[in-house]
Amino acid sequence: MARPERVPDARGGRDLVALWRALPVAVLCYPGSALPKGLGLAEISGTLRGWAWRDHCAAPTLASCADLGGTCARAQGGDCRADVLFPMSVGGGSPSWRMATLAVQWRPSIEELRLIALGDVACGMLGWAARRLYDRHGLQGAETPDFAVFADLELKGAASWNLSFVTPWLIGKGSRQVCVNPDAAGVAFELCKAMRSRARKLTALCVRDETCQRLGSHLTDHVARALLPSGIAVDEVRVEAEILSLGSRGNGSAFQALAWSGEAILRVEADVLPWLSLVATCGGGENADKGFGGIELTPLP
């Protein structure tokens, strides 16, 4: 698939990347041998989410975030650590810029599970997360690599990458989904959409003031539309689509989702790699904060 005509440096793009690169991070790396058989990313994420709502809710009520069934009473302004780790109810407007700040990532090529904390609050909770994962799943033996800022997680050093869908990438939810295998244009479109969405959320995480979040969101959209379509191309597609029957932990309802699995070969310009790094770290598609849409990118010669 050929790229559109290359757009010169999009104004504000370098400022956004500099903002992301300075975000504090902390990482735990578990060897694959430490994982109990059958334990998936969605279950690990669900464990952390549920216990965060119960252990760290700041609402002045007997009911915790998990029991309230809606937005935490202390979520406004970031007072509730549970809501910072795993937003209880996203909603519209500025709350929709929020994201989970504890990301669970599986690296098949090196058989490694990563728990990635994004931002000061999540970094301070990594010890709590490790203890909860040990209590619930027996996970132990984690190493703590010398990662301090998001720049340490960034993809570097290659123009061609193999993309593998590690967990199902959800394209859409509902009974009207059509199961058609994607082409190169479809994969490129979905990746650009995921990069744009994740960039808005990470930019909001990097700045606390709501006015700055709003301006940052507009800047992110402007740069993404100017930069991304001409900065990434899909050369090969080995991706299959299927309809999955899933259930919601929150309300117990069942739903259907169109999901992708497989691999693709990408060509990526250097100034788009920081954007792609956001998706490589946090996932993409629908329900990425709940363990879906995990990918692994490995450099090609």
# chains A, B, ... in the order shown; residues from 1 in each chain; ligands from 1
>>> residues_around(residues="Leu155 in chain A", least_positions_apart="3", cutoff="12 Å", atoms="only C-alpha atoms", output="NGL selection string")
:A and (21 or 150-152 or 158-161 or 268-281 or 296-299)
>>> write_last_selection(atoms="N, CA and C atoms", output="PDB file, in the first residue's frame")
ATOM      1  N   ARG A  21       7.328  12.043  26.057  1.00  0.00           N
ATOM      2  CA  ARG A  21       8.595  11.419  26.436  1.00  0.00           C
ATOM      3  C   ARG A  21       8.968  11.699  27.885  1.00  0.00           C
ATOM      4  N   PHE A 150       8.567   7.848  29.627  1.00  0.00           N
ATOM      5  CA  PHE A 150       7.981   7.155  28.479  1.00  0.00           C
ATOM      6  C   PHE A 150       8.965   7.015  27.323  1.00  0.00           C
ATOM      7  N   ALA A 151       9.905   7.920  27.225  1.00  0.00           N
ATOM      8  CA  ALA A 151      10.916   7.820  26.164  1.00  0.00           C
ATOM      9  C   ALA A 151      11.654   6.486  26.215  1.00  0.00           C
ATOM     10  N   ASP A 152      11.761   5.900  27.404  1.00  0.00           N
ATOM     11  CA  ASP A 152      12.452   4.609  27.543  1.00  0.00           C
ATOM     12  C   ASP A 152      11.665   3.462  26.907  1.00  0.00           C
ATOM     13  N   ALA A 158      14.270   1.452  13.440  1.00  0.00           N
ATOM     14  CA  ALA A 158      13.904   0.680  12.249  1.00  0.00           C
ATOM     15  C   ALA A 158      12.819   1.423  11.477  1.00  0.00           C
ATOM     16  N   ALA A 159      12.771   1.153  10.182  1.00  0.00           N
ATOM     17  CA  ALA A 159      11.735   1.726   9.329  1.00  0.00           C
ATOM     18  C   ALA A 159      10.648   0.711   9.006  1.00  0.00           C
ATOM     19  N   SER A 160      10.969  -0.590   9.136  1.00  0.00           N
ATOM     20  CA  SER A 160      10.004  -1.649   8.859  1.00  0.00           C
ATOM     21  C   SER A 160       9.779  -2.469  10.133  1.00  0.00           C
ATOM     22  N   TRP A 161       8.513  -2.829  10.369  1.00  0.00           N
ATOM     23  CA  TRP A 161       8.147  -3.510  11.608  1.00  0.00           C
ATOM     24  C   TRP A 161       7.140  -4.610  11.320  1.00  0.00           C
ATOM     25  N   VAL A 268       7.201   2.615   8.622  1.00  0.00           N
ATOM     26  CA  VAL A 268       6.838   3.720   9.513  1.00  0.00           C
ATOM     27  C   VAL A 268       7.926   4.798   9.466  1.00  0.00           C
ATOM     28  N   GLU A 269       7.515   6.041   9.220  1.00  0.00           N
ATOM     29  CA  GLU A 269       8.451   7.154   9.275  1.00  0.00           C
ATOM     30  C   GLU A 269       8.895   7.393  10.719  1.00  0.00           C
ATOM     31  N   ALA A 270      10.101   7.924  10.882  1.00  0.00           N
ATOM     32  CA  ALA A 270      10.665   8.106  12.223  1.00  0.00           C
ATOM     33  C   ALA A 270       9.796   8.997  13.100  1.00  0.00           C
ATOM     34  N   ASP A 271       9.155  10.027  12.529  1.00  0.00           N
ATOM     35  CA  ASP A 271       8.369  10.933  13.361  1.00  0.00           C
ATOM     36  C   ASP A 271       7.003  10.357  13.732  1.00  0.00           C
ATOM     37  N   VAL A 272       6.661   9.195  13.187  1.00  0.00           N
ATOM     38  CA  VAL A 272       5.411   8.526  13.572  1.00  0.00           C
ATOM     39  C   VAL A 272       5.664   7.443  14.627  1.00  0.00           C
ATOM     40  N   LEU A 273       6.904   7.014  14.790  1.00  0.00           N
ATOM     41  CA  LEU A 273       7.210   5.960  15.764  1.00  0.00           C
ATOM     42  C   LEU A 273       6.779   6.316  17.188  1.00  0.00           C
ATOM     43  N   PRO A 274       6.943   7.565  17.658  1.00  0.00           N
ATOM     44  CA  PRO A 274       6.433   7.867  19.002  1.00  0.00           C
ATOM     45  C   PRO A 274       4.925   7.656  19.132  1.00  0.00           C
ATOM     46  N   TRP A 275       4.179   7.941  18.076  1.00  0.00           N
ATOM     47  CA  TRP A 275       2.736   7.735  18.082  1.00  0.00           C
ATOM     48  C   TRP A 275       2.406   6.239  18.122  1.00  0.00           C
ATOM     49  N   LEU A 276       3.119   5.470  17.307  1.00  0.00           N
ATOM     50  CA  LEU A 276       2.893   4.028  17.292  1.00  0.00           C
ATOM     51  C   LEU A 276       3.302   3.406  18.623  1.00  0.00           C
ATOM     52  N   SER A 277       4.277   4.003  19.302  1.00  0.00           N
ATOM     53  CA  SER A 277       4.706   3.513  20.608  1.00  0.00           C
ATOM     54  C   SER A 277       3.579   3.598  21.635  1.00  0.00           C
ATOM     55  N   LEU A 278       2.698   4.585  21.495  1.00  0.00           N
ATOM     56  CA  LEU A 278       1.569   4.706  22.414  1.00  0.00           C
ATOM     57  C   LEU A 278       0.671   3.483  22.320  1.00  0.00           C
ATOM     58  N   VAL A 279       0.406   3.027  21.091  1.00  0.00           N
ATOM     59  CA  VAL A 279      -0.455   1.871  20.889  1.00  0.00           C
ATOM     60  C   VAL A 279       0.270   0.588  21.286  1.00  0.00           C
ATOM     61  N   ALA A 280       1.577   0.516  21.003  1.00  0.00           N
ATOM     62  CA  ALA A 280       2.345  -0.663  21.391  1.00  0.00           C
ATOM     63  C   ALA A 280       2.341  -0.842  22.902  1.00  0.00           C
ATOM     64  N   THR A 281       2.310   0.258  23.646  1.00  0.00           N
ATOM     65  CA  THR A 281       2.326   0.202  25.105  1.00  0.00           C
ATOM     66  C   THR A 281       0.943  -0.026  25.688  1.00  0.00           C
ATOM     67  N   GLU A 296       2.325  -6.509  19.478  1.00  0.00           N
ATOM     68  CA  GLU A 296       3.781  -6.515  19.623  1.00  0.00           C
ATOM     69  C   GLU A 296       4.375  -6.091  18.283  1.00  0.00           C
ATOM     70  N   LEU A 297       5.338  -5.191  18.342  1.00  0.00           N
ATOM     71  CA  LEU A 297       6.031  -4.715  17.155  1.00  0.00           C
ATOM     72  C   LEU A 297       7.500  -5.091  17.261  1.00  0.00           C
ATOM     73  N   THR A 298       7.987  -5.817  16.263  1.00  0.00           N
ATOM     74  CA  THR A 298       9.393  -6.237  16.233  1.00  0.00           C
ATOM     75  C   THR A 298      10.039  -5.671  14.978  1.00  0.00           C
ATOM     76  N   PRO A 299      11.249  -5.112  15.103  1.00  0.00           N
ATOM     77  CA  PRO A 299      11.899  -4.473  13.949  1.00  0.00           C
ATOM     78  C   PRO A 299      12.330  -5.494  12.902  1.00  0.00           C
TER      79      PRO A 299
END
>>> closest_atom_pairs(of="range 8-68 of chain A", to="range 104-113 of chain A", cutoff="10 Å", atoms="only C-alpha atoms", output="tab-separated table")
residue	atom	partner	partner_atom	distance
A:Val27	CA	A:Val104	CA	9.9
A:Leu28	CA	A:Leu113	CA	8.1
A:Cys29	CA	A:Leu113	CA	5.7
A:Tyr30	CA	A:Leu113	CA	5.0
A:Pro31	CA	A:Glu112	CA	4.9
A:Gly32	CA	A:Glu111	CA	4.9
A:Ser33	CA	A:Glu111	CA	8.1
A:Ala34	CA	A:Leu113	CA	9.0
A:Leu35	CA	A:Leu113	CA	8.3
A:Gly40	CA	A:Trp106	CA	9.3
A:Leu41	CA	A:Val104	CA	6.4
A:Ala42	CA	A:Val104	CA	8.6
A:Ile44	CA	A:Val104	CA	7.5
A:Ser45	CA	A:Val104	CA	6.5
A:Leu48	CA	A:Val104	CA	9.8
>>> write_last_selection(atoms="N, CA and C atoms", output="CSV table (one decimal), in the first residue's frame")
chain,number,residue,atom,x,y,z
A,27,VAL,N,8.0,0.0,35.5
A,27,VAL,CA,7.7,-1.2,34.8
A,27,VAL,C,8.1,-2.4,35.7
A,28,LEU,N,7.2,-3.4,35.7
A,28,LEU,CA,7.5,-4.7,36.3
A,28,LEU,C,7.5,-5.7,35.1
A,29,CYS,N,8.5,-6.6,35.1
A,29,CYS,CA,8.6,-7.6,34.0
A,29,CYS,C,8.6,-9.0,34.6
A,30,TYR,N,7.6,-9.8,34.3
A,30,TYR,CA,7.5,-11.1,34.8
A,30,TYR,C,7.9,-12.1,33.7
A,31,PRO,N,8.7,-13.1,34.1
A,31,PRO,CA,9.0,-14.1,33.0
A,31,PRO,C,7.7,-14.9,32.7
A,32,GLY,N,7.6,-15.4,31.5
A,32,GLY,CA,6.5,-16.2,31.1
A,32,GLY,C,6.2,-17.4,32.0
A,33,SER,N,7.3,-18.0,32.5
A,33,SER,CA,7.2,-19.2,33.3
A,33,SER,C,6.5,-18.9,34.6
A,34,ALA,N,6.3,-17.6,35.0
A,34,ALA,CA,5.7,-17.3,36.3
A,34,ALA,C,4.2,-17.2,36.1
A,35,LEU,N,3.6,-17.3,34.9
A,35,LEU,CA,2.2,-17.1,34.6
A,35,LEU,C,1.5,-18.5,34.8
A,40,GLY,N,-5.0,-14.9,31.4
A,40,GLY,CA,-4.9,-14.0,30.3
A,40,GLY,C,-4.8,-12.5,30.7
A,41,LEU,N,-4.5,-11.6,29.8
A,41,LEU,CA,-4.4,-10.2,30.1
A,41,LEU,C,-5.6,-9.6,30.6
A,42,ALA,N,-6.8,-10.0,30.0
A,42,ALA,CA,-8.1,-9.4,30.5
A,42,ALA,C,-8.3,-9.8,32.0
A,44,ILE,N,-6.0,-10.5,34.3
A,44,ILE,CA,-5.0,-9.7,35.1
A,44,ILE,C,-5.5,-8.3,35.2
A,45,SER,N,-5.9,-7.7,34.1
A,45,SER,CA,-6.3,-6.3,34.2
A,45,SER,C,-7.6,-6.2,35.0
A,48,LEU,N,-6.7,-6.2,38.8
A,48,LEU,CA,-6.1,-4.9,39.2
A,48,LEU,C,-7.2,-3.8,39.3
>>> residues_around(residues="Gly174 in chain A", least_positions_apart="4", cutoff="7 Å", atoms="only C-alpha atoms", output="list in words")
Phe255, Gln256 and Ala257 of chain A
>>> residues_around(residues="Ala52 in chain A", least_positions_apart="2", cutoff="10 Å", atoms="only C-alpha atoms", output="list in words")
Gly46, Thr47, Leu48, Arg49, Gly50, Arg54, Asp55, His56, Cys57, Ser64, Cys65, Ala66, Arg81, Ala82, Asp83, Val84, Leu85, Phe86, Met125, Trp128, Ala129 and Arg132 of chain A
>>> closest_residue(among="A:Trp169, A:Phe147, A:Trp260, A:Trp97", to="Pro182 in chain A", atoms="only C-alpha atoms")
A:Trp260
>>> select_by_dssp(residues="range 17-225 of chain A", states="alpha helix (DSSP H)", output="PyMOL selection string")
chain A and resi 17-21+41-55+65-68+81-85+120-124+126-137+184-206+210-225
>>> residues_around(residues="Leu19 in chain A", least_positions_apart="6", cutoff="9 Å", atoms="only C-alpha atoms", output="NGL selection string")
:A and (203 or 206-207)
>>> closest_residue(among="A:Thr167, A:Ser245, A:Thr144, A:Asn287", to="Ser261 in chain A", atoms="only C-alpha atoms")
A:Thr167
>>> atom_distance(atom1="CA of Asp221 in chain A", atom2="CA of Val237 in chain A")
26.8 Å
>>> closest_residue(among="A:Gly13, A:Gly172, A:Gly127, A:Gly119", to="Leu244 in chain A", atoms="only C-alpha atoms")
A:Gly172
>>> closest_residue(among="A:Leu202, A:Ala264, A:Val121, A:Ile116", to="Leu163 in chain A", atoms="only C-alpha atoms")
A:Ala264
>>> select_by_dssp(residues="range 38-203 of chain A", states="strand (DSSP E)", output="ChimeraX atom specification")
/A:102-107,112-118,160-173
>>> atom_distance(atom1="CA of Cys123 in chain A", atom2="CA of Ala103 in chain A")
11.4 Å
>>> residues_around(residues="Pro87 in chain A", least_positions_apart="6", cutoff="8 Å", atoms="only C-alpha atoms", output="list of chain:residue names")
A:Arg98, A:Met99, A:Ala100
